[in-house]
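File shown: my_file28.cif (mmCIF, C-alpha atoms).
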data_final
loop_
_atom_site.group_PDB
_atom_site.id
_atom_site.type_symbol
_atom_site.label_atom_id
_atom_site.label_comp_id
_atom_site.auth_asym_id
_atom_site.auth_seq_id
_atom_site.Cartn_x
_atom_site.Cartn_y
_atom_site.Cartn_z
ATOM 1 C CA MET A 1 20.806 9.085 -30.054
ATOM 2 C CA ALA A 2 21.965 11.752 -27.620
ATOM 3 C CA PRO A 3 20.612 11.547 -24.060
ATOM 4 C CA LYS A 4 17.763 13.927 -23.310
ATOM 5 C CA ASN A 5 17.868 14.275 -19.545
ATOM 6 C CA ILE A 6 21.216 14.231 -17.756
ATOM 7 C CA LYS A 7 21.873 14.471 -14.033
ATOM 8 C CA ILE A 8 25.180 14.477 -12.203
ATOM 9 C CA LEU A 9 24.727 13.363 -8.596
ATOM 10 C CA TYR A 10 27.539 14.178 -6.218
ATOM 11 C CA PHE A 11 28.345 15.886 -2.946
ATOM 12 C CA ASP A 12 28.394 19.661 -2.642
ATOM 13 C CA ALA A 13 32.042 19.740 -3.694
ATOM 14 C CA ARG A 14 34.229 19.444 -6.778
ATOM 15 C CA GLY A 15 35.959 16.162 -5.960
ATOM 16 C CA ARG A 16 35.420 13.213 -8.271
ATOM 17 C CA GLY A 17 32.249 14.697 -9.711
ATOM 18 C CA GLU A 18 33.759 17.861 -11.150
ATOM 19 C CA ILE A 19 35.397 16.361 -14.229
ATOM 20 C CA SER A 20 32.002 15.225 -15.547
ATOM 21 C CA ARG A 21 30.528 18.661 -14.847
ATOM 22 C CA LEU A 22 33.408 20.198 -16.792
ATOM 23 C CA VAL A 23 32.852 17.946 -19.811
ATOM 24 C CA LEU A 24 29.173 18.840 -19.908
ATOM 25 C CA ALA A 25 29.983 22.511 -19.442
ATOM 26 C CA ALA A 26 32.538 22.437 -22.277
ATOM 27 C CA ALA A 27 29.901 20.827 -24.496
ATOM 28 C CA GLY A 28 27.348 23.502 -23.617
ATOM 29 C CA GLN A 29 25.095 20.671 -22.502
ATOM 30 C CA LYS A 30 22.389 21.368 -19.952
ATOM 31 C CA PHE A 31 22.305 19.028 -16.964
ATOM 32 C CA ASP A 32 20.872 18.832 -13.474
ATOM 33 C CA ASP A 33 23.640 19.340 -10.925
ATOM 34 C CA VAL A 34 22.266 17.379 -7.961
ATOM 35 C CA ARG A 35 24.288 17.845 -4.774
ATOM 36 C CA PHE A 36 24.024 16.027 -1.467
ATOM 37 C CA THR A 37 25.019 17.068 2.011
ATOM 38 C CA ARG A 38 26.086 14.782 4.845
ATOM 39 C CA GLU A 39 22.510 14.948 6.053
ATOM 40 C CA THR A 40 20.773 14.142 2.753
ATOM 41 C CA TRP A 41 23.217 11.537 1.393
ATOM 42 C CA PRO A 42 22.349 8.547 3.640
ATOM 43 C CA ALA A 43 18.760 8.456 2.378
ATOM 44 C CA GLU A 44 19.911 8.496 -1.249
ATOM 45 C CA LYS A 45 22.766 6.021 -0.884
ATOM 46 C CA PRO A 46 20.631 2.864 -1.343
ATOM 47 C CA ASN A 47 19.353 4.281 -4.650
ATOM 48 C CA THR A 48 22.827 4.380 -6.219
ATOM 49 C CA PRO A 49 24.385 1.446 -8.122
ATOM 50 C CA PHE A 50 27.262 0.857 -5.684
ATOM 51 C CA GLY A 51 26.425 3.021 -2.688
ATOM 52 C CA GLN A 52 28.823 5.776 -3.710
ATOM 53 C CA LEU A 53 29.057 8.992 -5.717
ATOM 54 C CA PRO A 54 29.344 10.346 -8.356
ATOM 55 C CA VAL A 55 26.421 8.936 -10.275
ATOM 56 C CA LEU A 56 25.331 9.797 -13.785
ATOM 57 C CA GLU A 57 21.614 9.573 -14.480
ATOM 58 C CA ILE A 58 20.573 9.400 -18.129
ATOM 59 C CA ASP A 59 16.879 9.440 -18.944
ATOM 60 C CA GLY A 60 16.132 7.905 -15.549
ATOM 61 C CA LYS A 61 18.802 5.170 -15.493
ATOM 62 C CA ARG A 62 21.783 5.502 -13.144
ATOM 63 C CA TYR A 63 25.447 4.683 -13.754
ATOM 64 C CA ALA A 64 28.478 4.883 -11.461
ATOM 65 C CA GLU A 65 32.303 5.145 -11.361
ATOM 66 C CA SER A 66 33.775 8.584 -12.021
ATOM 67 C CA VAL A 67 36.216 7.685 -14.809
ATOM 68 C CA ALA A 68 33.622 5.595 -16.639
ATOM 69 C CA ILE A 69 31.134 8.476 -16.410
ATOM 70 C CA SER A 70 33.507 11.169 -17.638
ATOM 71 C CA THR A 71 34.799 8.897 -20.417
ATOM 72 C CA TYR A 72 31.282 8.217 -21.659
ATOM 73 C CA LEU A 73 30.406 11.919 -21.617
ATOM 74 C CA ALA A 74 33.620 12.823 -23.434
ATOM 75 C CA ARG A 75 32.833 10.285 -26.151
ATOM 76 C CA GLU A 76 29.227 11.386 -26.394
ATOM 77 C CA PHE A 77 30.020 15.085 -26.742
ATOM 78 C CA GLY A 78 33.193 15.055 -28.818
ATOM 79 C CA PHE A 79 36.009 15.338 -26.288
ATOM 80 C CA TYR A 80 37.597 11.937 -26.789
ATOM 81 C CA GLY A 81 39.701 12.457 -29.897
ATOM 82 C CA LYS A 82 39.070 11.126 -33.386
ATOM 83 C CA THR A 83 40.696 7.671 -33.334
ATOM 84 C CA ASN A 84 41.227 4.740 -31.014
ATOM 85 C CA LEU A 85 44.852 5.841 -30.652
ATOM 86 C CA ASP A 86 43.647 9.270 -29.512
ATOM 87 C CA GLY A 87 41.484 7.482 -26.964
ATOM 88 C CA LEU A 88 44.487 5.497 -25.745
ATOM 89 C CA GLN A 89 46.484 8.695 -25.238
ATOM 90 C CA ILE A 90 43.603 10.319 -23.375
ATOM 91 C CA ASP A 91 43.221 7.241 -21.168
ATOM 92 C CA GLN A 92 46.959 7.384 -20.459
ATOM 93 C CA VAL A 93 46.641 10.930 -19.108
ATOM 94 C CA ILE A 94 43.550 10.074 -17.083
ATOM 95 C CA GLN A 95 45.126 7.007 -15.495
ATOM 96 C CA LEU A 96 48.273 8.976 -14.693
ATOM 97 C CA GLY A 97 46.055 11.524 -12.982
ATOM 98 C CA VAL A 98 44.312 8.767 -11.044
ATOM 99 C CA ASP A 99 47.724 7.593 -9.844
ATOM 100 C CA PHE A 100 48.364 11.093 -8.521
ATOM 101 C CA TRP A 101 44.985 11.219 -6.765
ATOM 102 C CA ASN A 102 45.715 7.859 -5.142
ATOM 103 C CA ALA A 103 48.971 9.286 -3.775
ATOM 104 C CA ALA A 104 47.170 12.435 -2.566
ATOM 105 C CA THR A 105 44.430 10.410 -0.889
ATOM 106 C CA LYS A 106 46.944 8.936 1.547
ATOM 107 C CA TYR A 107 47.500 12.431 2.930
ATOM 108 C CA PHE A 108 43.835 13.334 3.179
ATOM 109 C CA MET A 109 42.868 10.057 4.832
ATOM 110 C CA GLU A 110 45.644 10.080 7.439
ATOM 111 C CA SER A 111 44.410 10.964 10.943
ATOM 112 C CA ASP A 112 47.727 10.960 12.816
ATOM 113 C CA ALA A 113 49.012 14.563 12.859
ATOM 114 C CA LYS A 114 52.708 13.720 12.587
ATOM 115 C CA LYS A 115 52.222 11.205 9.764
ATOM 116 C CA LYS A 116 49.921 13.650 7.992
ATOM 117 C CA GLU A 117 52.625 16.320 8.099
ATOM 118 C CA GLU A 118 55.149 13.880 6.621
ATOM 119 C CA LEU A 119 52.718 12.841 3.883
ATOM 120 C CA LEU A 120 52.010 16.478 3.031
ATOM 121 C CA LYS A 121 55.725 17.186 2.644
ATOM 122 C CA ASN A 122 56.088 14.151 0.384
ATOM 123 C CA LEU A 123 53.049 15.202 -1.641
ATOM 124 C CA LYS A 124 54.399 18.728 -2.142
ATOM 125 C CA ASP A 125 58.080 17.959 -2.629
ATOM 126 C CA VAL A 126 58.017 14.588 -4.368
ATOM 127 C CA GLU A 127 54.701 13.426 -5.794
ATOM 128 C CA THR A 128 53.421 16.723 -7.211
ATOM 129 C CA PRO A 129 56.618 17.640 -9.127
ATOM 130 C CA LYS A 130 56.945 14.053 -10.358
ATOM 131 C CA TYR A 131 53.488 13.933 -11.897
ATOM 132 C CA LEU A 132 53.600 17.485 -13.241
ATOM 133 C CA THR A 133 56.855 16.602 -14.993
ATOM 134 C CA PHE A 134 55.153 13.616 -16.632
ATOM 135 C CA PHE A 135 52.247 15.791 -17.780
ATOM 136 C CA GLU A 136 54.546 18.549 -19.029
ATOM 137 C CA LYS A 137 56.476 16.071 -21.179
ATOM 138 C CA LEU A 138 53.298 14.639 -22.694
ATOM 139 C CA LEU A 139 52.163 18.145 -23.611
ATOM 140 C CA LYS A 140 55.533 19.018 -25.116
ATOM 141 C CA ASP A 141 55.632 15.804 -27.140
ATOM 142 C CA ASN A 142 52.256 16.561 -28.756
ATOM 143 C CA LYS A 143 53.439 20.006 -29.936
ATOM 144 C CA THR A 144 49.963 21.574 -30.106
ATOM 145 C CA GLY A 145 49.482 22.901 -26.580
ATOM 146 C CA TYR A 146 46.935 20.143 -25.931
ATOM 147 C CA PHE A 147 47.505 16.590 -24.763
ATOM 148 C CA VAL A 148 45.884 14.913 -27.759
ATOM 149 C CA GLY A 149 45.254 16.305 -31.217
ATOM 150 C CA SER A 150 44.878 20.043 -31.642
ATOM 151 C CA GLY A 151 41.827 20.740 -29.520
ATOM 152 C CA LEU A 152 40.257 20.330 -26.110
ATOM 153 C CA THR A 153 39.744 16.767 -24.843
ATOM 154 C CA LEU A 154 38.926 15.003 -21.612
ATOM 155 C CA ALA A 155 42.668 14.801 -20.889
ATOM 156 C CA ASP A 156 43.019 18.591 -20.848
ATOM 157 C CA LEU A 157 39.981 19.042 -18.630
ATOM 158 C CA PHE A 158 41.181 16.372 -16.219
ATOM 159 C CA VAL A 159 44.612 17.954 -15.786
ATOM 160 C CA TYR A 160 43.090 21.436 -15.525
ATOM 161 C CA ASP A 161 40.940 20.180 -12.636
ATOM 162 C CA LEU A 162 43.975 18.616 -10.986
ATOM 163 C CA MET A 163 45.915 21.868 -11.332
ATOM 164 C CA TYR A 164 43.013 23.837 -9.892
ATOM 165 C CA PHE A 165 43.112 21.585 -6.853
ATOM 166 C CA LEU A 166 46.865 22.131 -6.483
ATOM 167 C CA LYS A 167 46.396 25.898 -6.740
ATOM 168 C CA LYS A 168 43.732 25.820 -4.026
ATOM 169 C CA GLN A 169 46.062 23.811 -1.787
ATOM 170 C CA ASN A 170 49.053 26.089 -2.519
ATOM 171 C CA MET A 171 50.930 23.110 -3.907
ATOM 172 C CA LEU A 172 51.309 24.199 -7.538
ATOM 173 C CA PRO A 173 54.883 25.306 -8.286
ATOM 174 C CA SER A 174 55.044 28.865 -9.638
ATOM 175 C CA GLN A 175 57.760 27.958 -12.146
ATOM 176 C CA GLY A 176 58.979 25.034 -14.207
ATOM 177 C CA PHE A 177 55.838 23.922 -16.037
ATOM 178 C CA PRO A 178 55.100 26.493 -18.774
ATOM 179 C CA GLY A 179 53.170 24.079 -20.974
ATOM 180 C CA LEU A 180 50.790 23.158 -18.168
ATOM 181 C CA GLN A 181 50.250 26.792 -17.230
ATOM 182 C CA GLU A 182 49.465 27.622 -20.852
ATOM 183 C CA LEU A 183 47.020 24.720 -20.971
ATOM 184 C CA TYR A 184 45.368 25.912 -17.758
ATOM 185 C CA ASN A 185 44.867 29.350 -19.296
ATOM 186 C CA LYS A 186 43.445 27.834 -22.489
ATOM 187 C CA VAL A 187 40.867 25.858 -20.549
ATOM 188 C CA VAL A 188 39.676 28.794 -18.441
ATOM 189 C CA SER A 189 39.511 30.930 -21.611
ATOM 190 C CA ASN A 190 37.144 28.491 -23.338
ATOM 191 C CA ASN A 191 33.843 30.347 -23.624
ATOM 192 C CA ASN A 192 31.679 27.523 -22.286
ATOM 193 C CA ILE A 193 34.076 26.746 -19.436
ATOM 194 C CA LYS A 194 34.379 30.437 -18.618
ATOM 195 C CA ALA A 195 30.601 30.719 -18.327
ATOM 196 C CA TYR A 196 30.440 27.641 -16.106
ATOM 197 C CA LEU A 197 33.221 28.848 -13.816
ATOM 198 C CA ALA A 198 31.581 32.257 -13.468
ATOM 199 C CA GLN A 199 28.544 30.682 -11.830
ATOM 200 C CA ARG A 200 30.208 27.689 -10.125
ATOM 201 C CA LYS A 201 29.804 27.533 -6.390
ATOM 202 C CA GLU A 202 33.201 27.655 -4.736
ATOM 203 C CA THR A 203 33.832 24.759 -2.356
ATOM 204 C CA GLU A 204 36.813 23.660 -0.300
ATOM 205 C CA ASN A 205 37.299 20.344 -2.117
#
Please re-express this file's structure in structure tokens.
Amino acid sequence: MAPKNIKILYFDARGRGEISRLVLAAAGQKFDDVRFTRETWPAEKPNTPFGQLPVLEIDGKRYAESVAISTYLAREFGFYGKTNLDGLQIDQVIQLGVDFWNAATKYFMESDAKKKEELLKNLKDVETPKYLTFFEKLLKDNKTGYFVGSGLTLADLFVYDLMYFLKKQNMLPSQGFPGLQELYNKVVSNNNIKAYLAQRKETEN
């Protein structure tokens, strides 16, 4: 039975909460988009499963871990392929994306200015092209313009969100990844996603 009342609890940012918002938006599913500030988060923290965000609340019960949340929502609303092998391929893309985010986090968490500059150069010149090349090959191998099957899945939404981040940070190469750019355009042209993006609050992260 489909959940009746869905809430996504996260900070007032895209971050790790945005992929779940995108899945719900693509599904045309109504949900409460609950956002916390630095001031309001400490009071709510003890009410979360592991003291961190994002949190998914379904009919009053709360669940944590961003990949687990987005995976559940993708399965629930038809964005997780048709077979277990489809699911494996989607998971492969997601975990590859997580590897990229782990590399990017080193830059964002570094406080030393000189080291931060070096990490940024590595992120732009080494890590970003490396992972985009992996994604481009996976797209090309599937031959449909999507990562898995012939329609939108969690994998496509995840990589779209990653590319949006790179665009915002001026780290997305302008050439060399035609399949990914085509995918990006497909996602933003999806009617439900387009409607969501039109009203989405723009944030730095």
Which of these, A:Asp12, A:Glu76, A:Glu182, A:Glu65, has the shortest distance to Ala27 (chain A) once you count only C-alpha atoms? A:Glu76
Kindly indicate which residue among A:Tyr164, A:Phe31, A:Tyr10, A:Tyr63 lies nearest to Glu44 (chain A), using all atoms listed in the file for the distances.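 Checking each candidate against Glu44 (chain A), we get A:Tyr10 as the closest.
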Near-Lys143 (chain A) list (10 Å; all atoms listed in the file; drop same-chain fewer than 6 positions) as a short mmCIF file (atom, residue, chain, number, x, y, z; two decimals) with C-alpha atoms, in the coordinates of the input:
data_model
loop_
_atom_site.label_atom_id
_atom_site.label_comp_id
_atom_site.auth_asym_id
_atom_site.auth_seq_id
_atom_site.Cartn_x
_atom_site.Cartn_y
_atom_site.Cartn_z
CA GLY A 149 45.25 16.30 -31.22
CA SER A 150 44.88 20.04 -31.64
CA GLY A 179 53.17 24.08 -20.97
#
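Between CA of Trp101 (chain A) and CA of Val55 (chain A) there is a distance of 19.0 Å.
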Considering all atoms listed in the file, can you say which of A:Val148, A:Leu56, A:Ala25, A:Val93 comes closest to Asn5 (chain A)?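 Checking each candidate against Asn5 (chain A), we get A:Leu56 as the closest.
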Using only C-alpha atoms, the shortest atom-to-atom distance to Val23 (chain A) among A:Asp125, A:Asp161, A:Asp91, A:Asp141 belongs to A:Asp161
Return as JSON, numbers by chain the set of residues that the PyMOL selection byres ((chain A and resi 184-192) around 9) yields on the displayed structure. {"A": [25, 26, 27, 28, 145, 152, 156, 157, 159, 160, 161, 163, 164, 179, 180, 181, 182, 183, 193, 194, 195, 196, 197]}
Using the selection just defined, write its residues with C-alpha atoms as a tab-separated table (two decimals), keeping the file's coordinate frame.
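Saved to result31.tsv:
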chain	number	residue	atom	x	y	z
A	25	ALA	CA	29.98	22.51	-19.44
A	26	ALA	CA	32.54	22.44	-22.28
A	27	ALA	CA	29.90	20.83	-24.50
A	28	GLY	CA	27.35	23.50	-23.62
A	145	GLY	CA	49.48	22.90	-26.58
A	152	LEU	CA	40.26	20.33	-26.11
A	156	ASP	CA	43.02	18.59	-20.85
A	157	LEU	CA	39.98	19.04	-18.63
A	159	VAL	CA	44.61	17.95	-15.79
A	160	TYR	CA	43.09	21.44	-15.52
A	161	ASP	CA	40.94	20.18	-12.64
A	163	MET	CA	45.92	21.87	-11.33
A	164	TYR	CA	43.01	23.84	-9.89
A	179	GLY	CA	53.17	24.08	-20.97
A	180	LEU	CA	50.79	23.16	-18.17
A	181	GLN	CA	50.25	26.79	-17.23
A	182	GLU	CA	49.46	27.62	-20.85
A	183	LEU	CA	47.02	24.72	-20.97
A	193	ILE	CA	34.08	26.75	-19.44
A	194	LYS	CA	34.38	30.44	-18.62
A	195	ALA	CA	30.60	30.72	-18.33
A	196	TYR	CA	30.44	27.64	-16.11
A	197	LEU	CA	33.22	28.85	-13.82
Evaluate the PyMOL selection byres ((chain A and resi 119) around 10) on the structure here and hand back the selected residues as JSON, numbers by chain. {"A": [103, 104, 105, 106, 107, 108, 110, 113, 114, 115, 116, 117, 118, 120, 121, 122, 123, 124, 125, 126, 127]}
